[in-house]
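Engineer: Okay, so here is structure.txt, and as you'll see once you scroll down, it has compact mmCIF, C-alpha atoms and all ligand atoms.
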```txt
# COMPACT_ATOMS: atom_id res chain seq x y z
CA MET A 37 -16.88 -68.33 -40.27
CA THR A 38 -17.96 -65.44 -38.12
CA GLY A 39 -19.91 -65.22 -34.88
CA SER A 40 -22.97 -63.07 -34.52
CA SER A 41 -23.84 -59.75 -32.98
CA TRP A 42 -26.81 -59.09 -30.68
CA ARG A 43 -28.41 -56.08 -29.00
CA ILE A 44 -29.76 -55.94 -25.47
CA SER A 45 -33.44 -55.10 -25.77
CA ARG A 46 -34.27 -55.23 -22.09
CA VAL A 47 -32.51 -55.69 -18.75
CA ASP A 48 -34.27 -57.72 -16.07
CA ARG A 49 -33.10 -58.48 -12.55
CA THR A 50 -31.30 -61.70 -13.37
CA ARG A 51 -31.02 -61.69 -17.14
CA VAL A 52 -31.01 -59.61 -20.28
CA LEU A 53 -33.14 -60.16 -23.36
CA VAL A 54 -31.14 -60.01 -26.56
CA VAL A 55 -32.21 -59.76 -30.20
CA PRO A 56 -30.12 -60.20 -33.37
CA ASP A 57 -28.27 -57.00 -34.22
CA LEU A 58 -28.74 -54.88 -37.30
CA GLY A 59 -25.48 -53.44 -38.53
CA ALA A 60 -24.66 -50.09 -40.04
CA GLY A 61 -26.80 -50.67 -43.13
CA GLY A 62 -29.70 -51.95 -41.11
CA VAL A 63 -28.87 -55.51 -42.13
CA PRO A 64 -28.03 -58.37 -39.71
CA ALA A 65 -24.55 -57.83 -38.34
CA ALA A 66 -21.85 -60.42 -38.02
CA VAL A 67 -18.74 -60.15 -35.93
CA ASP A 68 -15.97 -59.41 -38.40
CA ARG A 69 -13.20 -60.53 -36.18
CA VAL A 70 -12.88 -61.76 -32.64
CA ALA A 71 -9.31 -62.22 -31.56
CA ARG A 72 -8.94 -65.22 -29.31
CA THR A 73 -6.40 -65.35 -26.54
CA GLY A 74 -5.95 -68.68 -24.83
CA GLY A 75 -9.21 -70.36 -23.92
CA ARG A 76 -11.04 -67.07 -23.47
CA PHE A 77 -11.71 -64.51 -26.11
CA GLY A 78 -12.14 -61.68 -23.66
CA ASP A 79 -8.62 -60.34 -24.04
CA GLY A 80 -8.82 -59.70 -27.73
CA GLU A 81 -10.66 -57.19 -29.80
CA ALA A 82 -13.82 -57.42 -31.81
CA THR A 83 -15.08 -55.28 -34.61
CA ILE A 84 -18.73 -55.34 -35.35
CA GLY A 85 -20.49 -54.17 -38.41
CA ALA A 86 -22.55 -55.05 -41.38
CA ARG A 87 -19.44 -55.20 -43.55
CA ASN A 88 -18.37 -58.65 -44.66
CA GLY A 89 -14.95 -60.16 -44.52
CA PRO A 90 -13.27 -60.99 -47.85
CA GLY A 91 -14.99 -63.74 -49.75
CA GLU A 92 -18.03 -63.84 -47.54
CA ALA A 93 -21.55 -63.88 -48.85
CA ALA A 94 -23.61 -60.79 -48.18
CA PRO A 95 -26.14 -61.25 -45.42
CA ALA A 96 -29.79 -61.24 -46.42
CA PRO A 97 -31.37 -57.78 -46.17
CA ALA A 98 -33.02 -57.31 -42.81
CA ALA A 99 -36.24 -56.24 -44.44
CA ALA A 100 -36.65 -59.81 -45.62
CA THR A 101 -35.99 -61.17 -42.14
CA ALA A 102 -38.77 -61.29 -39.59
CA PRO A 103 -37.65 -59.80 -36.25
CA ALA A 104 -36.50 -62.80 -34.25
CA ALA A 105 -37.83 -63.56 -30.77
CA PRO A 106 -35.61 -62.32 -27.92
CA VAL A 107 -33.22 -64.75 -26.25
CA GLY A 108 -32.67 -64.63 -22.48
CA VAL A 109 -29.08 -64.46 -21.25
CA GLY A 110 -28.39 -64.98 -17.53
CA LEU A 111 -26.36 -62.36 -15.70
CA ARG A 112 -23.35 -63.17 -13.55
CA PRO A 113 -23.45 -62.53 -9.80
CA GLY A 114 -23.54 -58.78 -9.22
CA GLY A 115 -25.67 -58.36 -12.34
CA VAL A 116 -22.77 -58.17 -14.75
CA LEU A 117 -21.71 -59.69 -18.05
CA PRO A 118 -18.19 -60.36 -19.30
CA ALA A 119 -16.80 -57.76 -21.68
CA VAL A 120 -14.79 -58.15 -24.86
CA VAL A 121 -12.20 -55.85 -23.34
CA GLY A 122 -11.56 -55.20 -19.65
CA ASP A 123 -13.68 -55.83 -16.56
CA ASP A 124 -17.21 -57.23 -16.43
CA VAL A 125 -19.84 -54.57 -17.15
CA THR A 126 -23.33 -53.81 -15.89
CA PRO A 127 -25.33 -54.22 -19.10
CA ALA A 128 -27.54 -51.45 -20.45
CA VAL A 129 -30.26 -51.44 -23.08
CA GLY A 130 -28.61 -50.89 -26.45
CA ASP A 131 -25.43 -52.74 -25.54
CA ARG A 132 -23.98 -54.88 -28.31
CA LEU A 133 -23.11 -58.44 -27.43
CA VAL A 134 -20.92 -60.60 -29.59
CA THR A 135 -20.71 -64.34 -29.75
CA ALA A 136 -17.84 -66.45 -30.95
CA PRO A 137 -18.08 -68.67 -34.01
CA GLY A 138 -19.86 -71.90 -33.16
CA HIS A 139 -21.92 -70.24 -30.45
CA ARG A 140 -24.84 -72.24 -29.12
CA PRO A 141 -27.82 -70.20 -27.91
CA GLY A 142 -28.32 -70.63 -24.19
CA ASP A 143 -24.62 -70.69 -23.40
CA PRO A 144 -24.37 -67.45 -21.43
CA ASP A 145 -20.62 -67.38 -21.07
CA ARG A 146 -20.34 -67.07 -24.82
CA PHE A 147 -21.91 -63.58 -24.83
CA LEU A 148 -19.49 -60.70 -24.42
CA VAL A 149 -20.33 -57.01 -24.19
CA ALA A 150 -18.64 -55.02 -26.96
CA PRO A 151 -17.03 -51.66 -26.21
CA ARG A 152 -19.61 -48.84 -26.21
CA THR A 153 -19.53 -46.03 -28.74
CA GLY A 154 -21.32 -43.81 -26.20
CA GLU A 155 -23.49 -43.78 -23.09
CA LEU A 156 -26.57 -41.71 -22.33
CA LEU A 157 -26.12 -40.99 -18.62
CA ARG A 158 -28.40 -39.70 -15.92
CA ASP A 159 -27.50 -38.72 -12.42
CA THR A 160 -28.83 -41.12 -9.81
CA VAL A 161 -30.95 -39.87 -6.93
CA ASP A 162 -28.50 -41.52 -4.57
CA ARG A 163 -25.62 -39.13 -5.01
CA THR A 164 -23.09 -41.48 -3.46
CA SER A 165 -23.40 -43.94 -6.31
CA ARG A 166 -22.31 -43.36 -9.86
CA SER A 167 -24.45 -42.05 -12.69
CA GLN A 168 -26.72 -44.52 -14.43
CA VAL A 169 -26.46 -45.61 -18.03
CA VAL A 170 -29.90 -45.02 -19.56
CA ALA A 171 -28.89 -46.44 -22.94
CA ALA A 172 -25.71 -47.49 -24.71
CA ASN A 173 -24.56 -46.98 -28.31
CA VAL A 174 -27.13 -44.34 -29.17
CA ASP A 175 -26.90 -42.25 -32.37
CA VAL A 176 -29.92 -39.99 -31.96
CA VAL A 177 -31.68 -38.77 -28.81
CA LEU A 178 -35.33 -37.81 -29.36
CA VAL A 179 -36.05 -35.12 -26.80
CA VAL A 180 -39.81 -35.56 -26.47
CA GLU A 181 -41.74 -32.59 -25.06
CA PRO A 182 -45.52 -32.12 -25.15
CA LEU A 183 -47.18 -28.99 -26.54
CA ASP A 184 -50.00 -29.56 -24.04
CA PRO A 185 -49.44 -28.78 -21.21
CA SER A 186 -47.09 -26.06 -22.49
CA PRO A 187 -43.49 -27.08 -23.19
CA SER A 188 -40.78 -26.37 -20.66
CA ILE A 189 -37.90 -24.77 -22.53
CA GLY A 190 -35.61 -25.35 -19.55
CA ARG A 191 -36.31 -29.08 -19.54
CA VAL A 192 -35.64 -29.30 -23.27
CA GLU A 193 -32.34 -27.43 -22.81
CA ARG A 194 -31.29 -29.87 -20.09
CA LEU A 195 -32.19 -32.95 -22.13
CA VAL A 196 -30.37 -31.54 -25.15
CA THR A 197 -27.22 -31.14 -23.02
CA LEU A 198 -27.62 -34.72 -21.79
CA ALA A 199 -27.90 -35.81 -25.43
CA TRP A 200 -24.78 -33.92 -26.56
CA ARG A 201 -22.89 -35.38 -23.60
CA SER A 202 -23.78 -38.92 -24.74
CA GLY A 203 -22.06 -38.39 -28.08
CA ALA A 204 -25.39 -38.68 -29.91
CA SER A 205 -27.22 -35.98 -31.87
CA PRO A 206 -30.39 -34.56 -30.36
CA VAL A 207 -33.68 -34.04 -32.20
CA VAL A 208 -36.42 -32.13 -30.39
CA VAL A 209 -39.87 -33.65 -30.94
CA LEU A 210 -42.89 -31.59 -29.86
CA THR A 211 -45.89 -33.89 -29.42
CA LYS A 212 -49.69 -33.49 -29.37
CA THR A 213 -50.01 -30.83 -32.09
CA ASP A 214 -53.69 -31.80 -32.30
CA LEU A 215 -54.28 -30.24 -28.87
CA VAL A 216 -52.95 -26.73 -29.64
CA HIS A 217 -53.65 -23.97 -32.14
CA ASP A 218 -50.25 -22.40 -32.48
CA THR A 219 -47.37 -24.78 -33.10
CA ALA A 220 -45.32 -22.29 -35.15
CA HIS A 221 -44.27 -20.06 -32.27
CA TRP A 222 -43.23 -23.06 -30.16
CA LEU A 223 -41.22 -24.42 -33.09
CA ALA A 224 -39.40 -21.08 -33.29
CA ASP A 225 -38.85 -20.81 -29.51
CA LEU A 226 -37.48 -24.34 -29.23
CA ALA A 227 -35.28 -23.89 -32.30
CA ALA A 228 -33.76 -20.84 -30.56
CA ALA A 229 -33.27 -22.87 -27.36
CA ALA A 230 -31.38 -25.61 -29.22
CA PRO A 231 -29.29 -23.98 -31.99
CA GLY A 232 -28.44 -26.39 -34.80
CA VAL A 233 -30.82 -29.06 -33.49
CA PRO A 234 -33.72 -30.20 -35.71
CA VAL A 235 -37.09 -29.44 -34.10
CA ARG A 236 -40.17 -31.30 -35.33
CA ALA A 237 -43.81 -31.26 -34.29
CA VAL A 238 -45.96 -34.39 -34.42
CA SER A 239 -49.33 -35.72 -33.46
CA ALA A 240 -49.49 -39.42 -32.85
CA THR A 241 -53.26 -39.11 -32.82
CA THR A 242 -53.61 -37.69 -36.34
CA GLY A 243 -50.30 -39.03 -37.65
CA ASP A 244 -49.22 -35.48 -38.46
CA GLY A 245 -45.43 -35.17 -38.85
CA VAL A 246 -44.70 -38.84 -38.10
CA ALA A 247 -43.65 -39.75 -41.66
CA GLU A 248 -41.38 -36.66 -41.81
CA LEU A 249 -39.70 -37.70 -38.56
CA LEU A 250 -39.25 -41.24 -39.84
CA ARG A 251 -37.50 -39.88 -42.93
CA LEU A 252 -34.75 -38.41 -40.71
CA VAL A 253 -33.81 -41.88 -39.46
CA GLU A 254 -30.84 -43.56 -41.09
CA PRO A 255 -30.73 -47.33 -41.55
CA GLY A 256 -28.92 -49.08 -38.70
CA ALA A 257 -29.25 -46.07 -36.37
CA THR A 258 -30.15 -46.37 -32.71
CA LEU A 259 -32.59 -43.80 -31.33
CA VAL A 260 -33.71 -43.25 -27.77
CA ALA A 261 -36.80 -41.31 -26.67
CA VAL A 262 -36.43 -39.31 -23.44
CA GLY A 263 -38.70 -36.81 -21.72
CA ARG A 264 -41.08 -36.32 -18.84
CA SER A 265 -43.80 -38.81 -17.97
CA GLY A 266 -46.86 -38.32 -20.17
CA ALA A 267 -44.88 -36.51 -22.88
CA GLY A 268 -46.04 -39.15 -25.34
CA LYS A 269 -42.81 -41.14 -25.78
CA SER A 270 -44.44 -44.56 -25.95
CA THR A 271 -47.25 -43.24 -28.14
CA LEU A 272 -44.61 -41.81 -30.49
CA VAL A 273 -42.69 -45.11 -30.49
CA ASN A 274 -45.89 -46.93 -31.47
CA ALA A 275 -46.64 -44.37 -34.20
CA LEU A 276 -43.14 -44.70 -35.66
CA VAL A 277 -43.18 -48.51 -35.50
CA GLY A 278 -46.75 -48.56 -36.84
CA GLU A 279 -47.83 -51.06 -34.22
CA ASP A 280 -48.68 -50.98 -30.50
CA VAL A 281 -45.43 -52.37 -29.15
CA MET A 282 -45.41 -50.26 -25.97
CA ALA A 283 -48.23 -49.66 -23.48
CA THR A 284 -49.31 -46.02 -23.20
CA GLY A 285 -50.89 -44.11 -20.34
CA GLU A 286 -54.22 -42.46 -19.73
CA ARG A 287 -54.09 -38.77 -20.51
CA ARG A 288 -54.69 -36.52 -17.55
CA GLY A 289 -55.17 -32.79 -17.84
CA ASP A 290 -52.60 -31.98 -15.17
CA GLY A 291 -49.95 -34.20 -16.72
CA LYS A 292 -49.35 -35.85 -13.35
CA GLY A 293 -50.00 -39.40 -12.23
CA ARG A 294 -48.17 -42.69 -12.38
CA HIS A 295 -45.45 -43.45 -14.87
CA THR A 296 -46.75 -45.77 -17.55
CA THR A 297 -43.46 -47.09 -18.85
CA THR A 298 -41.38 -48.62 -16.08
CA HIS A 299 -38.50 -50.18 -17.99
CA ARG A 300 -36.29 -49.30 -20.91
CA GLU A 301 -36.87 -51.26 -24.07
CA LEU A 302 -35.27 -51.48 -27.49
CA VAL A 303 -37.63 -52.15 -30.40
CA ASP A 304 -37.07 -52.82 -34.07
CA LEU A 305 -38.10 -50.02 -36.43
CA ALA A 306 -38.88 -50.67 -40.10
CA LEU A 307 -37.99 -47.70 -42.31
CA PRO A 308 -39.99 -46.60 -45.38
CA ASP A 309 -37.09 -47.39 -47.73
CA GLY A 310 -36.86 -50.98 -46.50
CA GLY A 311 -34.02 -50.47 -44.03
CA ARG A 312 -34.27 -50.98 -40.30
CA ALA A 313 -33.25 -49.07 -37.22
CA TRP A 314 -33.55 -49.37 -33.45
CA LEU A 315 -35.71 -47.34 -31.11
CA ILE A 316 -35.40 -47.29 -27.31
CA ASP A 317 -38.34 -46.22 -25.14
CA THR A 318 -37.57 -45.07 -21.59
CA PRO A 319 -39.60 -44.31 -18.45
CA GLY A 320 -40.32 -40.61 -17.86
CA LEU A 321 -37.61 -38.66 -16.09
CA ARG A 322 -38.87 -37.00 -12.91
CA ALA A 323 -35.99 -34.56 -12.75
CA VAL A 324 -33.09 -34.23 -15.09
CA GLY A 325 -29.91 -34.48 -13.07
CA LEU A 326 -27.30 -33.16 -15.44
CA VAL A 327 -24.33 -35.37 -16.03
CA ALA A 328 -22.73 -32.73 -18.17
CA ASP A 329 -19.42 -31.19 -18.96
CA GLU A 330 -18.58 -27.71 -20.20
CA GLU A 331 -18.47 -28.81 -23.85
CA SER A 332 -21.97 -30.29 -23.87
CA VAL A 333 -23.39 -27.20 -22.13
CA GLU A 334 -21.67 -25.01 -24.72
CA ALA A 335 -23.13 -27.11 -27.53
CA THR A 336 -26.63 -26.44 -26.20
CA PHE A 337 -25.88 -22.75 -25.73
CA ALA A 338 -23.87 -22.41 -28.93
CA GLU A 339 -24.84 -18.76 -29.54
CA VAL A 340 -23.68 -17.79 -26.01
CA ALA A 341 -20.41 -19.66 -26.51
CA ASP A 342 -19.98 -17.77 -29.82
CA LEU A 343 -20.53 -14.46 -28.02
CA ALA A 344 -18.06 -15.46 -25.29
CA ALA A 345 -15.36 -15.81 -27.91
CA GLY A 346 -15.58 -12.02 -28.28
CA CYS A 347 -14.99 -11.23 -24.58
CA ARG A 348 -11.85 -9.20 -23.77
CA PHE A 349 -10.56 -11.74 -21.25
CA GLY A 350 -10.12 -15.39 -22.10
CA ASP A 351 -11.26 -16.44 -18.61
CA CYS A 352 -14.24 -14.05 -18.61
CA ARG A 353 -17.03 -15.27 -16.32
CA HIS A 354 -19.56 -12.98 -18.02
CA GLU A 355 -20.48 -11.21 -14.80
CA ARG A 356 -19.03 -7.72 -14.43
CA GLU A 357 -15.80 -7.98 -16.41
CA PRO A 358 -15.02 -5.08 -18.74
CA GLY A 359 -15.31 -5.88 -22.43
CA CYS A 360 -17.69 -8.80 -21.84
CA ALA A 361 -19.51 -9.56 -25.10
CA VAL A 362 -22.13 -11.72 -23.35
CA VAL A 363 -23.21 -8.95 -20.97
CA ALA A 364 -23.18 -6.50 -23.91
CA ALA A 365 -25.60 -8.77 -25.79
CA LEU A 366 -27.79 -8.94 -22.68
CA GLU A 367 -27.89 -5.15 -22.51
CA GLU A 368 -28.69 -4.86 -26.21
CA GLY A 369 -31.41 -7.44 -25.77
CA THR A 370 -30.01 -9.82 -28.39
CA LEU A 371 -29.50 -12.42 -25.63
CA SER A 372 -32.45 -13.07 -23.31
CA GLU A 373 -32.14 -13.00 -19.51
CA ARG A 374 -33.77 -16.44 -19.39
CA ARG A 375 -31.29 -17.96 -21.78
CA TYR A 376 -28.35 -16.33 -19.98
CA ALA A 377 -29.56 -17.60 -16.59
CA ALA A 378 -30.10 -21.12 -17.96
CA TYR A 379 -26.59 -21.14 -19.42
CA ARG A 380 -25.04 -20.04 -16.12
CA ALA A 381 -27.11 -22.58 -14.15
CA GLN A 382 -26.11 -25.48 -16.41
CA LEU A 383 -22.43 -24.53 -16.24
CA ARG A 384 -22.63 -24.38 -12.44
CA GLU A 385 -24.33 -27.75 -12.33
CA ALA A 386 -21.81 -29.31 -14.69
CA HIS A 387 -19.06 -28.03 -12.42
CA HIS A 388 -20.72 -29.47 -9.30
CA ALA A 389 -21.25 -32.80 -11.07
CA ALA A 390 -17.54 -32.90 -11.87
CA VAL A 391 -16.65 -32.17 -8.24
CA ARG A 392 -19.06 -34.88 -7.06
CA ALA A 393 -17.60 -37.37 -9.54
CA ASP A 394 -14.14 -36.63 -8.14
CA ALA A 395 -15.44 -37.13 -4.58
CA ARG A 396 -16.99 -40.46 -5.58
CA LEU A 397 -13.75 -41.57 -7.13
CA ALA A 398 -11.82 -40.60 -4.02
CA ALA A 399 -14.35 -42.45 -1.82
CA ALA A 400 -14.11 -45.54 -4.02
CA GLN A 401 -10.34 -45.46 -3.73
CA ARG A 402 -10.55 -45.15 0.06
CA THR A 403 -12.92 -48.13 0.23
CA ASP A 404 -10.58 -50.15 -1.93
CA TRP A 405 -7.63 -49.22 0.26
CA LYS A 406 -9.57 -50.21 3.40
CA ARG A 407 -10.52 -53.53 1.84
CA ARG A 408 -6.93 -54.26 0.99
CA THR A 409 -5.73 -53.28 4.45
CA VAL A 410 -8.26 -55.64 6.03
CA ALA A 411 -7.24 -58.40 3.63
CA MET A 412 -3.60 -57.82 4.53
CA ARG A 413 -4.33 -58.06 8.25
CA GLU A 414 -6.28 -61.28 7.67
CA HIS A 415 -3.32 -62.63 5.78
CA HIS A 416 -0.96 -61.78 8.63
CA ARG A 417 -3.22 -63.44 11.14
CA VAL A 418 -3.31 -66.65 9.11
CA THR A 419 0.38 -66.81 8.33
CA GLY A 420 1.49 -65.28 11.62
CA LYS A 421 3.72 -62.90 9.68
CA GLY A 422 4.43 -59.61 11.37
CA ARG A 423 2.82 -60.79 14.61
CA ARG A 424 5.71 -61.43 16.93
N1 LIG B 501 -54.09 -35.87 -28.19
C1 LIG B 501 -52.92 -36.51 -28.15
N2 LIG B 501 -52.62 -37.28 -27.11
C2 LIG B 501 -51.43 -37.91 -27.11
C3 LIG B 501 -50.51 -37.78 -28.18
N3 LIG B 501 -49.41 -38.50 -27.87
C4 LIG B 501 -49.65 -39.07 -26.68
N4 LIG B 501 -50.86 -38.72 -26.22
C5 LIG B 501 -51.48 -39.15 -24.96
O1 LIG B 501 -50.69 -38.76 -23.86
C6 LIG B 501 -50.76 -39.75 -22.83
C7 LIG B 501 -49.35 -40.16 -22.39
O2 LIG B 501 -48.72 -40.81 -23.47
P1 LIG B 501 -47.57 -41.89 -23.27
O3 LIG B 501 -47.07 -42.22 -24.62
O4 LIG B 501 -47.99 -43.03 -22.41
O5 LIG B 501 -46.50 -41.01 -22.47
P2 LIG B 501 -45.01 -41.44 -22.05
O6 LIG B 501 -44.13 -40.29 -22.36
O7 LIG B 501 -44.65 -42.74 -22.63
O8 LIG B 501 -45.17 -41.54 -20.45
P3 LIG B 501 -44.31 -42.48 -19.44
O9 LIG B 501 -44.28 -43.85 -19.98
O10 LIG B 501 -45.07 -42.37 -18.13
O11 LIG B 501 -42.97 -41.85 -19.34
C8 LIG B 501 -51.57 -40.90 -23.40
O12 LIG B 501 -52.88 -40.84 -22.92
C9 LIG B 501 -51.56 -40.65 -24.88
O13 LIG B 501 -52.70 -41.13 -25.52
C10 LIG B 501 -50.87 -36.95 -29.28
O14 LIG B 501 -50.13 -36.76 -30.25
N5 LIG B 501 -52.09 -36.33 -29.22
MG MG B 502 -44.10 -44.49 -21.84
ZN ZN B 503 -17.74 -12.38 -20.97
```
Kindly return the structure encoded in the file as structure tokens.
Structural biologist:
Amino acid sequence: MTGSSWRISRVDRTRVLVVPDLGAGGVPAAVDRVARTGGRFGDGEATIGARNGPGEAAPAPAAATAPAAPVGVGLRPGGVLPAVVGDDVTPAVGDRLVTAPGHRPGDPDRFLVAPRTGELLRDTVDRTSRSQVVAANVDVVLVVEPLDPSPSIGRVERLVTLAWRSGASPVVVLTKTDLVHDTAHWLADLAAAAPGVPVRAVSATTGDGVAELLRLVEPGATLVAVGRSGAGKSTLVNALVGEDVMATGERRGDGKGRHTTTHRELVDLALPDGGRAWLIDTPGLRAVGLVADEESVEATFAEVADLAAGCRFGDCRHEREPGCAVVAALEEGTLSERRYAAYRAQLREAHHAAVRADARLAAAQRTDWKRRTVAMREHHRVTGKGRR
């Protein structure tokens, strides 16, 4: 007998809402194996998937199963849940929870967070705290950017880097094609700003391009929509799902105003071929603080990284070094000044983020050391040791 697998669909202050998981094939997932150690099964390992153990009956296809109502699971003090492996974790939307065989719903201690395959991170405004997990276990990041008002190529480049960093694949989705005349040139510009990344244009109003986008989705996949407020993320989620599952905002000409979506939410997505997938809607990002590394920046600027391979010096900074292939391309005009500047800016930011992360780590270690020193003094006071 196996336990079951769940996904976190929403995180509230004191609890998370969980829904039954769909495995790799988009069918309900069971926990293949949970190794028990002593009375707790937190020390062992769990593998999760739609695959069945030997001799087990195949689960019913998800298409035949109505999406079950979410179940509330209380959080532990500090807003954490126990993990399958290691310390308690702060849960994120998209996290997989596993339950042991014989689990009774409503028994919170029986839910354990499975190891994440990836995290979509954003930098927090408060730079002393760590970066925030926007979503966990994501396969595809939909970088949603409106065609009206005009797209910001820089914002798309930053979100694409964020996506690469998460271990997921980005897809750029240009929304509101019904409001503009010329989509073709934007499609070309954005394709050049994200080499190797699919770029699609849709209108949720007319339904244009929605079916084509849906066809890209693989059964069992987890998608997350990110982008500025008013980009049309929730409207796109509703168009893909074919039902108004998320509230959408009033359109304002200036694109400003209050954020409509205020929480992250995972919804069930029925695919045309009968499979199912997951879709996470998120609140609009005010500014995109890059939590990036050099590799994810170089994935976004793949053509610049290719050029850099031709520089005379391996540690070329592409400034004034002789034999620099990047500067040569700039002079020839095959690389644009804008693209070059954006590449340099992202690299700089990735470097600063790394330095900040190191500083945070050092600060955390100092705090821990202080705590232990205080605890040690307390101990001495109580036992009288070392106080003569
Ligand atoms: N004409 C047109 N309007 C659209 C389209 N998609 C979205 N909108 C409008 O744009 C406005 C913002 O859409 P939302 O889906 O709420 O935007 P959002 O990205 O979810 O915004 P936040 O939740 O604040 O982050 C709404 O008034 C939508 O009706 C589209 O394809 N065409
Ligand atoms: Mg929204
Ligand atoms: Zn160079």
Engineer: What is the distance, in Å and to one decimal place, between atom CA of A:Lys212 and atom CA of A:Val281?
Structural biologist: 19.4 Å
Engineer: Considering all atoms listed in the file, tabulate each residue of chain A that lies at most 6 Å from ligand LIG 501 (chain B) along with its nearest interatomic pair and the corresponding distance in Å to one decimal; arrange the rows by chain and ascending residue number and present them as a Markdown table.
Structural biologist:
```
| residue | atom | partner | partner_atom | distance |
| --- | --- | --- | --- | --- |
| A:Thr211 | CA | B:LIG501 | O14 | 5.2 |
| A:Lys212 | CA | B:LIG501 | O14 | 3.4 |
| A:Asp214 | CA | B:LIG501 | N5 | 5.7 |
| A:Leu215 | CA | B:LIG501 | N1 | 5.7 |
| A:Ser239 | CA | B:LIG501 | O14 | 3.5 |
| A:Ala240 | CA | B:LIG501 | O14 | 3.8 |
| A:Thr241 | CA | B:LIG501 | O14 | 4.7 |
| A:Arg264 | CA | B:LIG501 | O11 | 5.9 |
| A:Ser265 | CA | B:LIG501 | O11 | 3.4 |
| A:Gly266 | CA | B:LIG501 | O5 | 3.6 |
| A:Ala267 | CA | B:LIG501 | O6 | 3.9 |
| A:Gly268 | CA | B:LIG501 | O3 | 3.3 |
| A:Lys269 | CA | B:LIG501 | O6 | 3.8 |
| A:Ser270 | CA | B:LIG501 | O3 | 3.8 |
| A:Thr271 | CA | B:LIG501 | O3 | 3.7 |
| A:Thr284 | CA | B:LIG501 | O4 | 3.4 |
| A:Gly285 | CA | B:LIG501 | O4 | 3.7 |
| A:Glu286 | CA | B:LIG501 | O12 | 3.8 |
| A:Arg287 | CA | B:LIG501 | O12 | 3.4 |
| A:His295 | CA | B:LIG501 | O10 | 3.5 |
| A:Thr296 | CA | B:LIG501 | O10 | 3.8 |
| A:Thr297 | CA | B:LIG501 | O9 | 3.5 |
| A:Pro319 | CA | B:LIG501 | O11 | 4.3 |
| A:Gly320 | CA | B:LIG501 | O11 | 3.3 |
```
Engineer: List every protein, DNA or RNA residue that has at least one atom no more than 10 Å from (-25.4, -29.7, -25.8) in the file's coordinates, counting all atoms listed in the file, and write the result as a ChimeraX atom specification.
Structural biologist: /A:193-206,230-231,233,328-338
Engineer: Return as a PyMOL selection string every polymer residue, whether protein, DNA or RNA, with at least one atom no more than 10 Å from an atom of ligand ZN 503 (chain B); count only C-alpha atoms and all ligand atoms.
Structural biologist: chain A and resi 340-341+343-365
Engineer: Interatomic distance between atom CA of A:Glu181 and atom CA of A:Asp131?
Structural biologist: 25.9 Å
Engineer: Find the residue from A:Pro187, A:Gly62, A:Gly115, A:Gly245 that sits nearest to A:Asp48; use all atoms listed in the file when measuring.
Structural biologist: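 That would be A:Gly115, the residue with the smallest distance to A:Asp48.
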Engineer: From the set A:Arg300, A:Arg375, A:Arg46, A:Arg322, which residue has the shortest atom-to-atom contact distance to ligand MG 502 (chain B), counting only C-alpha atoms and all ligand atoms?
Structural biologist: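 Closest to ligand MG 502 (chain B) of all the choices is A:Arg300.
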Engineer: Pick out the closest residue to ligand MG 502 (chain B) from this set: A:Arg51, A:Arg112, A:Arg158, A:His299. Count only C-alpha atoms and all ligand atoms.
Structural biologist: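 Using only C-alpha atoms and all ligand atoms, ligand MG 502 (chain B) sits closest to A:His299.
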Engineer: With only C-alpha atoms as the atoms that count, which of A:Val262, A:Leu111, A:Ala400, A:Val192 lies nearest to A:Val176?
Structural biologist: A:Val262
Engineer: May I have the residues within 8 Å of A:Gly108 as a PyMOL selection string, using all atoms listed in the file and disregarding those fewer than 4 positions away in the same chain?
Structural biologist: chain A and resi 51-54+142
Engineer: Give the answer as one residue: which of A:Gln382, A:Ser167, A:Thr258, A:Ser186 has the shortest atom-to-atom distance to A:Arg396, using only C-alpha atoms?
Structural biologist: A:Ser167
Engineer: With only C-alpha atoms and all ligand atoms as the atoms that count, which of A:Val55, A:Ala128, A:Met282, A:Leu157 lies nearest to ligand MG 502 (chain B)?
Structural biologist: A:Met282
